[in-house]
Amino acid sequence: MSIWLFKTEPGEYSIDDLAKEQQTRWNGIRNYQARNLLRDEVQLQDRVFIYHSSCKPTAIVGLAVVCKTAYPDPSQFDESDNYYDVKATPTKPRWFCVDIEFREKFRQPLTLSRLKEMASLKDMVLLKQGRLSIQPVSEAEYQAIILASS
């Protein structure tokens with residue numbers, strides 16, 4: 001099993017929304033590198049950190065698990081959707097999504113500034129290539145974050 005960090009803007013979709021719904025489609029990814037990770041590498045039962053971005057403070061706020069592997073993102077075919085893609089067709093989809101299931105909301109969010117202070121996270125993708133919306137997390141990084149969140 002792999003571990004991932006999925007970014008979301010809490011004004012769009014937050015850890016509280018996921019906790020309320022318990023399960024959701026993680027769609028709207030429109031970056032090729034993130035799409036490739038979703039399509040080719042994210043697997044059933046992979047663990048997922050939920051990261052609130054574009055807010056103050058940015059932070060890892062909880063944990064989810066992948067409950068359905070990659071499938072074509074339906075929003076790409078819907079002309080009324082913000083994520084519609086005129087070049088996508090049902091036979092040649094361009095964008096993919098997965099479903100995730102809520103596991104836990106952290107009592108105390110782990111802010112970006114706190115993560116930067118943790119020596120064990122110095123090589124974490126989030127701290128080196130922060131713009132990517134789907135990022136791998138190592139087992140050692142996962143353990144450090146879980147320990148810091150408790």
# chains A, B, ... in the order shown; residues from 1 in each chain; ligands from 1

$ residues_around --residues "segment 7-16 of chain A" --least-positions-apart "4" --cutoff "6 Å" --atoms "only C-alpha atoms" --output "list in words"
Tyr51, His52, Ser53, Ser54 and Ser133 of chain A

$ atom_distance --atom1 "atom CA of Gln135 of chain A" --atom2 "atom CA of Phe6 of chain A"
6.7 Å

$ select_by_dssp --residues "segment 45-146 of chain A" --states "helix (DSSP H, G or I)" --output "number ranges by chain"
A: 74-77, 112-117, 119-121, 125-128, 139-146

$ closest_atom_pairs --of "segment 16-45 of chain A" --to "segment 102-112 of chain A" --cutoff "10 Å" --atoms "only C-alpha atoms" --output "Markdown table"
| residue | atom | partner | partner_atom | distance |
| --- | --- | --- | --- | --- |
| A:Asp16 | CA | A:Lys105 | CA | 7.8 |
| A:Asp17 | CA | A:Phe102 | CA | 9.6 |
| A:Leu18 | CA | A:Phe102 | CA | 6.0 |
| A:Ala19 | CA | A:Phe102 | CA | 5.7 |
| A:Lys20 | CA | A:Phe102 | CA | 8.8 |
| A:Glu21 | CA | A:Phe102 | CA | 8.2 |
| A:Gln22 | CA | A:Phe102 | CA | 5.0 |
| A:Gln23 | CA | A:Phe102 | CA | 6.1 |
| A:Thr24 | CA | A:Phe102 | CA | 8.6 |

$ write_last_selection --atoms "N, CA and C atoms" --output "PDB file, in the first residue's frame"
ATOM      1  N   ASP A  16     -14.191  18.472   6.911  1.00  0.00           N
ATOM      2  CA  ASP A  16     -15.507  18.398   7.547  1.00  0.00           C
ATOM      3  C   ASP A  16     -16.567  17.899   6.569  1.00  0.00           C
ATOM      4  N   ASP A  17     -16.451  18.308   5.299  1.00  0.00           N
ATOM      5  CA  ASP A  17     -17.368  17.795   4.275  1.00  0.00           C
ATOM      6  C   ASP A  17     -17.197  16.286   4.125  1.00  0.00           C
ATOM      7  N   LEU A  18     -15.952  15.838   4.073  1.00  0.00           N
ATOM      8  CA  LEU A  18     -15.683  14.410   3.940  1.00  0.00           C
ATOM      9  C   LEU A  18     -16.184  13.654   5.170  1.00  0.00           C
ATOM     10  N   ALA A  19     -15.978  14.203   6.355  1.00  0.00           N
ATOM     11  CA  ALA A  19     -16.462  13.546   7.573  1.00  0.00           C
ATOM     12  C   ALA A  19     -17.984  13.406   7.550  1.00  0.00           C
ATOM     13  N   LYS A  20     -18.651  14.418   7.060  1.00  0.00           N
ATOM     14  CA  LYS A  20     -20.114  14.393   6.988  1.00  0.00           C
ATOM     15  C   LYS A  20     -20.598  13.369   5.957  1.00  0.00           C
ATOM     16  N   GLU A  21     -19.975  13.366   4.779  1.00  0.00           N
ATOM     17  CA  GLU A  21     -20.399  12.472   3.696  1.00  0.00           C
ATOM     18  C   GLU A  21     -19.842  11.056   3.845  1.00  0.00           C
ATOM     19  N   GLN A  22     -18.710  10.921   4.554  1.00  0.00           N
ATOM     20  CA  GLN A  22     -18.004   9.659   4.776  1.00  0.00           C
ATOM     21  C   GLN A  22     -17.274   9.124   3.540  1.00  0.00           C
ATOM     22  N   GLN A  23     -17.738   9.455   2.348  1.00  0.00           N
ATOM     23  CA  GLN A  23     -17.105   8.974   1.122  1.00  0.00           C
ATOM     24  C   GLN A  23     -17.354  10.003   0.028  1.00  0.00           C
ATOM     25  N   THR A  24     -16.369  10.183  -0.867  1.00  0.00           N
ATOM     26  CA  THR A  24     -16.545  11.137  -1.957  1.00  0.00           C
ATOM     27  C   THR A  24     -15.713  10.750  -3.170  1.00  0.00           C
TER      28      THR A  24
END

$ select_by_dssp --residues "segment 69-118 of chain A" --states "strand (DSSP E or B)" --output "ChimeraX atom specification"
/A:69-72,89,92,96-111

$ closest_residue --among "A:Tyr71, A:Thr91, A:Ala64, A:Arg114" --to "Arg35 of chain A" --atoms "only C-alpha atoms"
A:Tyr71

$ residues_around --residues "Ala144 of chain A" --least-positions-apart "4" --cutoff "7 Å" --atoms "only C-alpha atoms" --output "PyMOL selection string"
chain A and resi 120+140+148

$ closest_residue --among "A:Glu117, A:Met1, A:Asp78, A:Glu141" --to "Val42 of chain A" --atoms "only C-alpha atoms"
A:Met1

$ residues_around --residues "Asn27 of chain A" --least-positions-apart "4" --cutoff "12 Å" --atoms "only C-alpha atoms" --output "list of chain:residue names"
A:Phe6, A:Lys7, A:Thr8, A:Glu12, A:Tyr13, A:Asn31, A:Ala34, A:Arg35, A:Leu38, A:Arg39, A:Ala70, A:Tyr71, A:Pro72, A:Asp73, A:Pro74, A:Ser75, A:Gln76, A:Asp81, A:Asn82, A:Tyr83, A:Tyr84, A:Trp95, A:Phe96, A:Cys97, A:Val98, A:Asp99, A:Ile100, A:Ser133, A:Ile134

$ write_last_selection --atoms "N, CA, C and O atoms" --output "mmCIF file, in the first residue's frame"
data_model
loop_
_atom_site.group_PDB
_atom_site.id
_atom_site.type_symbol
_atom_site.label_atom_id
_atom_site.label_comp_id
_atom_site.auth_asym_id
_atom_site.auth_seq_id
_atom_site.Cartn_x
_atom_site.Cartn_y
_atom_site.Cartn_z
ATOM 1 N N PHE A 6 -3.450 14.466 -0.632
ATOM 2 C CA PHE A 6 -4.371 15.090 -1.583
ATOM 3 C C PHE A 6 -4.670 16.485 -1.084
ATOM 4 O O PHE A 6 -5.087 16.656 0.069
ATOM 5 N N LYS A 7 -4.490 17.467 -1.940
ATOM 6 C CA LYS A 7 -4.768 18.852 -1.577
ATOM 7 C C LYS A 7 -6.205 19.226 -1.943
ATOM 8 O O LYS A 7 -6.718 18.800 -2.979
ATOM 9 N N THR A 8 -6.799 20.055 -1.102
ATOM 10 C CA THR A 8 -8.121 20.590 -1.377
ATOM 11 C C THR A 8 -8.227 21.984 -0.778
ATOM 12 O O THR A 8 -7.594 22.273 0.239
ATOM 13 N N GLU A 12 -13.941 24.861 -1.110
ATOM 14 C CA GLU A 12 -14.512 23.977 -2.133
ATOM 15 C C GLU A 12 -14.976 22.664 -1.517
ATOM 16 O O GLU A 12 -16.070 22.199 -1.772
ATOM 17 N N TYR A 13 -14.070 22.023 -0.768
ATOM 18 C CA TYR A 13 -14.358 20.739 -0.137
ATOM 19 C C TYR A 13 -13.370 20.558 1.005
ATOM 20 O O TYR A 13 -12.157 20.587 0.783
ATOM 21 N N ASN A 31 -4.154 18.428 -13.704
ATOM 22 C CA ASN A 31 -2.705 18.501 -13.864
ATOM 23 C C ASN A 31 -2.263 17.120 -14.330
ATOM 24 O O ASN A 31 -2.662 16.116 -13.733
ATOM 25 N N ALA A 34 -0.389 14.872 -11.698
ATOM 26 C CA ALA A 34 -1.316 14.394 -10.670
ATOM 27 C C ALA A 34 -2.279 13.371 -11.264
ATOM 28 O O ALA A 34 -2.584 12.346 -10.635
ATOM 29 N N ARG A 35 -2.761 13.631 -12.471
ATOM 30 C CA ARG A 35 -3.655 12.685 -13.152
ATOM 31 C C ARG A 35 -2.989 11.325 -13.323
ATOM 32 O O ARG A 35 -3.581 10.275 -13.073
ATOM 33 N N LEU A 38 -2.929 9.453 -10.055
ATOM 34 C CA LEU A 38 -4.258 8.911 -9.764
ATOM 35 C C LEU A 38 -4.557 7.694 -10.637
ATOM 36 O O LEU A 38 -5.039 6.671 -10.155
ATOM 37 N N ARG A 39 -4.305 7.828 -11.912
ATOM 38 C CA ARG A 39 -4.646 6.783 -12.884
ATOM 39 C C ARG A 39 -3.771 5.544 -12.749
ATOM 40 O O ARG A 39 -4.258 4.418 -12.812
ATOM 41 N N ALA A 70 -8.972 4.332 -9.867
ATOM 42 C CA ALA A 70 -9.169 5.303 -10.945
ATOM 43 C C ALA A 70 -10.234 4.892 -11.955
ATOM 44 O O ALA A 70 -10.293 3.752 -12.392
ATOM 45 N N TYR A 71 -11.040 5.893 -12.302
ATOM 46 C CA TYR A 71 -12.038 5.767 -13.363
ATOM 47 C C TYR A 71 -12.187 7.144 -13.997
ATOM 48 O O TYR A 71 -11.794 8.157 -13.400
ATOM 49 N N PRO A 72 -12.731 7.209 -15.224
ATOM 50 C CA PRO A 72 -12.834 8.510 -15.890
ATOM 51 C C PRO A 72 -13.652 9.506 -15.059
ATOM 52 O O PRO A 72 -14.725 9.175 -14.553
ATOM 53 N N ASP A 73 -13.120 10.693 -14.899
ATOM 54 C CA ASP A 73 -13.788 11.758 -14.155
ATOM 55 C C ASP A 73 -15.012 12.215 -14.950
ATOM 56 O O ASP A 73 -14.870 12.765 -16.050
ATOM 57 N N PRO A 74 -16.223 11.992 -14.429
ATOM 58 C CA PRO A 74 -17.428 12.359 -15.184
ATOM 59 C C PRO A 74 -17.548 13.849 -15.472
ATOM 60 O O PRO A 74 -18.188 14.243 -16.455
ATOM 61 N N SER A 75 -16.925 14.680 -14.661
ATOM 62 C CA SER A 75 -17.054 16.129 -14.855
ATOM 63 C C SER A 75 -16.464 16.591 -16.187
ATOM 64 O O SER A 75 -16.887 17.604 -16.730
ATOM 65 N N GLN A 76 -15.517 15.840 -16.732
ATOM 66 C CA GLN A 76 -14.898 16.237 -17.994
ATOM 67 C C GLN A 76 -15.872 16.169 -19.171
ATOM 68 O O GLN A 76 -15.646 16.807 -20.199
ATOM 69 N N ASP A 81 -20.266 21.784 -16.225
ATOM 70 C CA ASP A 81 -19.339 21.663 -15.103
ATOM 71 C C ASP A 81 -18.102 22.523 -15.329
ATOM 72 O O ASP A 81 -17.620 22.650 -16.462
ATOM 73 N N ASN A 82 -17.560 23.091 -14.253
ATOM 74 C CA ASN A 82 -16.326 23.894 -14.337
ATOM 75 C C ASN A 82 -15.142 23.082 -14.862
ATOM 76 O O ASN A 82 -14.181 23.642 -15.374
ATOM 77 N N TYR A 83 -15.205 21.763 -14.697
ATOM 78 C CA TYR A 83 -14.099 20.900 -15.105
ATOM 79 C C TYR A 83 -14.338 20.237 -16.464
ATOM 80 O O TYR A 83 -13.634 19.296 -16.823
ATOM 81 N N TYR A 84 -15.297 20.729 -17.215
ATOM 82 C CA TYR A 84 -15.574 20.205 -18.553
ATOM 83 C C TYR A 84 -14.337 20.354 -19.435
ATOM 84 O O TYR A 84 -13.622 21.356 -19.373
ATOM 85 N N TRP A 95 -9.104 12.695 -18.100
ATOM 86 C CA TRP A 95 -8.968 12.948 -16.667
ATOM 87 C C TRP A 95 -9.597 11.811 -15.873
ATOM 88 O O TRP A 95 -10.604 11.241 -16.274
ATOM 89 N N PHE A 96 -8.974 11.533 -14.727
ATOM 90 C CA PHE A 96 -9.418 10.420 -13.895
ATOM 91 C C PHE A 96 -9.622 10.890 -12.460
ATOM 92 O O PHE A 96 -9.110 11.928 -12.042
ATOM 93 N N CYS A 97 -10.382 10.098 -11.734
ATOM 94 C CA CYS A 97 -10.646 10.389 -10.324
ATOM 95 C C CYS A 97 -10.633 9.076 -9.552
ATOM 96 O O CYS A 97 -10.590 8.002 -10.152
ATOM 97 N N VAL A 98 -10.633 9.168 -8.257
ATOM 98 C CA VAL A 98 -10.763 8.016 -7.363
ATOM 99 C C VAL A 98 -11.806 8.372 -6.324
ATOM 100 O O VAL A 98 -12.168 9.543 -6.170
ATOM 101 N N ASP A 99 -12.277 7.377 -5.594
ATOM 102 C CA ASP A 99 -13.157 7.630 -4.455
ATOM 103 C C ASP A 99 -12.361 7.406 -3.187
ATOM 104 O O ASP A 99 -11.531 6.482 -3.116
ATOM 105 N N ILE A 100 -12.612 8.262 -2.203
ATOM 106 C CA ILE A 100 -11.952 8.108 -0.907
ATOM 107 C C ILE A 100 -12.997 8.056 0.195
ATOM 108 O O ILE A 100 -14.110 8.552 0.043
ATOM 109 N N SER A 133 -1.052 18.671 -6.675
ATOM 110 C CA SER A 133 -2.249 18.411 -5.864
ATOM 111 C C SER A 133 -2.375 16.975 -5.380
ATOM 112 O O SER A 133 -3.141 16.695 -4.458
ATOM 113 N N ILE A 134 -1.643 16.050 -5.981
ATOM 114 C CA ILE A 134 -1.581 14.655 -5.544
ATOM 115 C C ILE A 134 -0.095 14.342 -5.389
ATOM 116 O O ILE A 134 0.667 14.482 -6.345
#

$ atom_distance --atom1 "atom CA of Gln33 of chain A" --atom2 "atom CA of Pro136 of chain A"
11.6 Å

$ residues_around --residues "Val137 of chain A" --least-positions-apart "3" --cutoff "7 Å" --atoms "only C-alpha atoms" --output "JSON, numbers by chain"
{"A": [3, 4, 5, 124, 141, 142]}

$ closest_residue --among "A:Arg30, A:Lys116, A:Lys92, A:Lys87" --to "Ala59 of chain A" --atoms "only C-alpha atoms"
A:Lys116

$ atom_distance --atom1 "atom CA of Glu101 of chain A" --atom2 "atom CA of Thr58 of chain A"
21.5 Å
